[in-house]
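First the structure, in the form of structure tokens, and then the observations on it.
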Amino acid sequence: MSPAPDERDRIRAAMDRILADHPQRSNGALTIVALALEADVPHNALTQRHTDLKNEFYDKVRARGQTPDSEKRLRRQIRRLKELRASDAEEIVQLKGDVEALVGALHQKTVENQLLRKQLAEGTGAVSMLPLPSRTVDHPVPPGLA
């Protein structure tokens, strides 16, 4: 499908209306989607056929000291992802500590089990308990494993 002969003119007129805060067909957002709606052209007209006009639109938006809405959205998403990454890093540190505590508790119980089996095999009759492991503030033994 070939573009309409006046497509570039409609895009430029739509650009002027959006930048003047007088949109007629769109919500006036500083996006290519709004520009395409305002110009009554398909979105791909700006992303494939008239990329120079798309770039011109974004240049005009920046020249006015504004940030295109798509860039604002991306910046918000980047900020949100950085926050998630930081919280994930904290959780990983906590989980590594938990793993250490669990490995320590498992080792202690394995040693106790081996000692008890040895005492039972020797038939000493008197089965004693090992002292409970000391608990540290950084890596307490989880409940039910002590």
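Just remember, in the structure tokens the first chain shown is A, the second B, etc., residues are 1-based per chain, and ligands are 1-based in the order shown.
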Show which residues sit within 9 Å of Asn27 of chain A, as a list in words. Count only C-alpha atoms, and ignore same-chain residues fewer than 5 positions away.
Ile18, Ala34, Leu37 and Glu38 of chain A
Every residue of chain A that DSSP places in alpha helix (DSSP H), as a ChimeraX atom specification:
/A:7-19,32-39,43-44,51-63,69-122
For the residues in that selection, give me C-alpha atoms as a PDB file, in the first residue's frame.
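As a result, part15.pdb now contains:
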```
ATOM      1  CA  GLU A   7       0.695  12.080   4.415  1.00  0.00           C
ATOM      2  CA  ARG A   8       3.829  14.090   5.247  1.00  0.00           C
ATOM      3  CA  ASP A   9       1.816  17.329   5.304  1.00  0.00           C
ATOM      4  CA  ARG A  10      -0.771  15.781   7.650  1.00  0.00           C
ATOM      5  CA  ILE A  11       2.005  14.551   9.961  1.00  0.00           C
ATOM      6  CA  ARG A  12       3.621  18.001  10.084  1.00  0.00           C
ATOM      7  CA  ALA A  13       0.251  19.651  10.777  1.00  0.00           C
ATOM      8  CA  ALA A  14      -0.469  17.130  13.513  1.00  0.00           C
ATOM      9  CA  MET A  15       2.971  17.769  14.971  1.00  0.00           C
ATOM     10  CA  ASP A  16       2.232  21.489  15.122  1.00  0.00           C
ATOM     11  CA  ARG A  17      -1.176  20.927  16.774  1.00  0.00           C
ATOM     12  CA  ILE A  18       0.243  18.588  19.440  1.00  0.00           C
ATOM     13  CA  LEU A  19       3.170  20.887  20.205  1.00  0.00           C
ATOM     14  CA  ILE A  32       4.451   8.691  18.114  1.00  0.00           C
ATOM     15  CA  VAL A  33       1.170   6.869  18.728  1.00  0.00           C
ATOM     16  CA  ALA A  34      -0.590  10.149  19.516  1.00  0.00           C
ATOM     17  CA  LEU A  35       1.085  11.819  16.549  1.00  0.00           C
ATOM     18  CA  ALA A  36      -0.102   9.062  14.208  1.00  0.00           C
ATOM     19  CA  LEU A  37      -3.658   9.336  15.566  1.00  0.00           C
ATOM     20  CA  GLU A  38      -3.562  13.096  15.261  1.00  0.00           C
ATOM     21  CA  ALA A  39      -2.328  12.890  11.657  1.00  0.00           C
ATOM     22  CA  HIS A  43       1.552   4.060  13.260  1.00  0.00           C
ATOM     23  CA  ASN A  44       4.019   2.403  10.896  1.00  0.00           C
ATOM     24  CA  THR A  51      11.361   8.127  10.421  1.00  0.00           C
ATOM     25  CA  ASP A  52      12.792  11.577   9.708  1.00  0.00           C
ATOM     26  CA  LEU A  53       9.482  13.126  10.802  1.00  0.00           C
ATOM     27  CA  LYS A  54       9.410  10.923  13.899  1.00  0.00           C
ATOM     28  CA  ASN A  55      12.919  12.110  14.809  1.00  0.00           C
ATOM     29  CA  GLU A  56      11.965  15.704  14.036  1.00  0.00           C
ATOM     30  CA  PHE A  57       8.977  15.418  16.374  1.00  0.00           C
ATOM     31  CA  TYR A  58      11.133  14.121  19.223  1.00  0.00           C
ATOM     32  CA  ASP A  59      13.757  16.807  18.535  1.00  0.00           C
ATOM     33  CA  LYS A  60      11.078  19.513  18.748  1.00  0.00           C
ATOM     34  CA  VAL A  61       9.755  18.043  21.998  1.00  0.00           C
ATOM     35  CA  ARG A  62      13.263  18.081  23.505  1.00  0.00           C
ATOM     36  CA  ALA A  63      13.934  21.592  22.184  1.00  0.00           C
ATOM     37  CA  ASP A  69       6.224  10.441  27.110  1.00  0.00           C
ATOM     38  CA  SER A  70       7.846   7.238  25.863  1.00  0.00           C
ATOM     39  CA  GLU A  71      11.154   8.303  27.402  1.00  0.00           C
ATOM     40  CA  LYS A  72       9.405   9.175  30.695  1.00  0.00           C
ATOM     41  CA  ARG A  73       7.816   5.712  30.751  1.00  0.00           C
ATOM     42  CA  LEU A  74      11.167   4.060  30.115  1.00  0.00           C
ATOM     43  CA  ARG A  75      12.829   6.100  32.872  1.00  0.00           C
ATOM     44  CA  ARG A  76      10.092   5.070  35.333  1.00  0.00           C
ATOM     45  CA  GLN A  77      10.512   1.441  34.323  1.00  0.00           C
ATOM     46  CA  ILE A  78      14.300   1.650  34.744  1.00  0.00           C
ATOM     47  CA  ARG A  79      13.868   3.166  38.210  1.00  0.00           C
ATOM     48  CA  ARG A  80      11.386   0.433  39.180  1.00  0.00           C
ATOM     49  CA  LEU A  81      13.710  -2.298  37.875  1.00  0.00           C
ATOM     50  CA  LYS A  82      16.655  -0.855  39.812  1.00  0.00           C
ATOM     51  CA  GLU A  83      14.552  -0.900  42.985  1.00  0.00           C
ATOM     52  CA  LEU A  84      13.561  -4.523  42.325  1.00  0.00           C
ATOM     53  CA  ARG A  85      17.180  -5.454  41.696  1.00  0.00           C
ATOM     54  CA  ALA A  86      18.241  -3.877  45.000  1.00  0.00           C
ATOM     55  CA  SER A  87      15.528  -5.717  46.931  1.00  0.00           C
ATOM     56  CA  ASP A  88      16.475  -8.975  45.177  1.00  0.00           C
ATOM     57  CA  ALA A  89      20.113  -8.446  46.211  1.00  0.00           C
ATOM     58  CA  GLU A  90      19.024  -8.007  49.848  1.00  0.00           C
ATOM     59  CA  GLU A  91      16.927 -11.159  49.661  1.00  0.00           C
ATOM     60  CA  ILE A  92      19.827 -13.122  48.154  1.00  0.00           C
ATOM     61  CA  VAL A  93      22.090 -12.084  51.037  1.00  0.00           C
ATOM     62  CA  GLN A  94      19.422 -13.212  53.523  1.00  0.00           C
ATOM     63  CA  LEU A  95      18.910 -16.517  51.716  1.00  0.00           C
ATOM     64  CA  LYS A  96      22.665 -17.202  51.649  1.00  0.00           C
ATOM     65  CA  GLY A  97      22.724 -16.677  55.408  1.00  0.00           C
ATOM     66  CA  ASP A  98      19.789 -19.021  55.820  1.00  0.00           C
ATOM     67  CA  VAL A  99      21.539 -21.674  53.733  1.00  0.00           C
ATOM     68  CA  GLU A 100      24.636 -21.422  55.930  1.00  0.00           C
ATOM     69  CA  ALA A 101      22.516 -21.816  59.057  1.00  0.00           C
ATOM     70  CA  LEU A 102      20.665 -24.797  57.598  1.00  0.00           C
ATOM     71  CA  VAL A 103      23.883 -26.493  56.496  1.00  0.00           C
ATOM     72  CA  GLY A 104      25.309 -25.993  59.990  1.00  0.00           C
ATOM     73  CA  ALA A 105      22.181 -27.413  61.624  1.00  0.00           C
ATOM     74  CA  LEU A 106      22.163 -30.376  59.236  1.00  0.00           C
ATOM     75  CA  HIS A 107      25.810 -31.094  59.970  1.00  0.00           C
ATOM     76  CA  GLN A 108      25.169 -30.956  63.721  1.00  0.00           C
ATOM     77  CA  LYS A 109      22.238 -33.370  63.453  1.00  0.00           C
ATOM     78  CA  THR A 110      24.242 -35.707  61.205  1.00  0.00           C
ATOM     79  CA  VAL A 111      27.050 -35.843  63.775  1.00  0.00           C
ATOM     80  CA  GLU A 112      24.544 -36.452  66.584  1.00  0.00           C
ATOM     81  CA  ASN A 113      22.873 -39.206  64.552  1.00  0.00           C
ATOM     82  CA  GLN A 114      26.203 -40.909  63.842  1.00  0.00           C
ATOM     83  CA  LEU A 115      27.128 -40.776  67.529  1.00  0.00           C
ATOM     84  CA  LEU A 116      23.773 -42.203  68.574  1.00  0.00           C
ATOM     85  CA  ARG A 117      24.036 -45.021  66.001  1.00  0.00           C
ATOM     86  CA  LYS A 118      27.542 -45.814  67.227  1.00  0.00           C
ATOM     87  CA  GLN A 119      26.391 -45.919  70.856  1.00  0.00           C
ATOM     88  CA  LEU A 120      23.460 -48.158  69.940  1.00  0.00           C
ATOM     89  CA  ALA A 121      25.706 -50.456  67.899  1.00  0.00           C
ATOM     90  CA  GLU A 122      28.187 -50.763  70.782  1.00  0.00           C
TER      91      GLU A 122
END
```
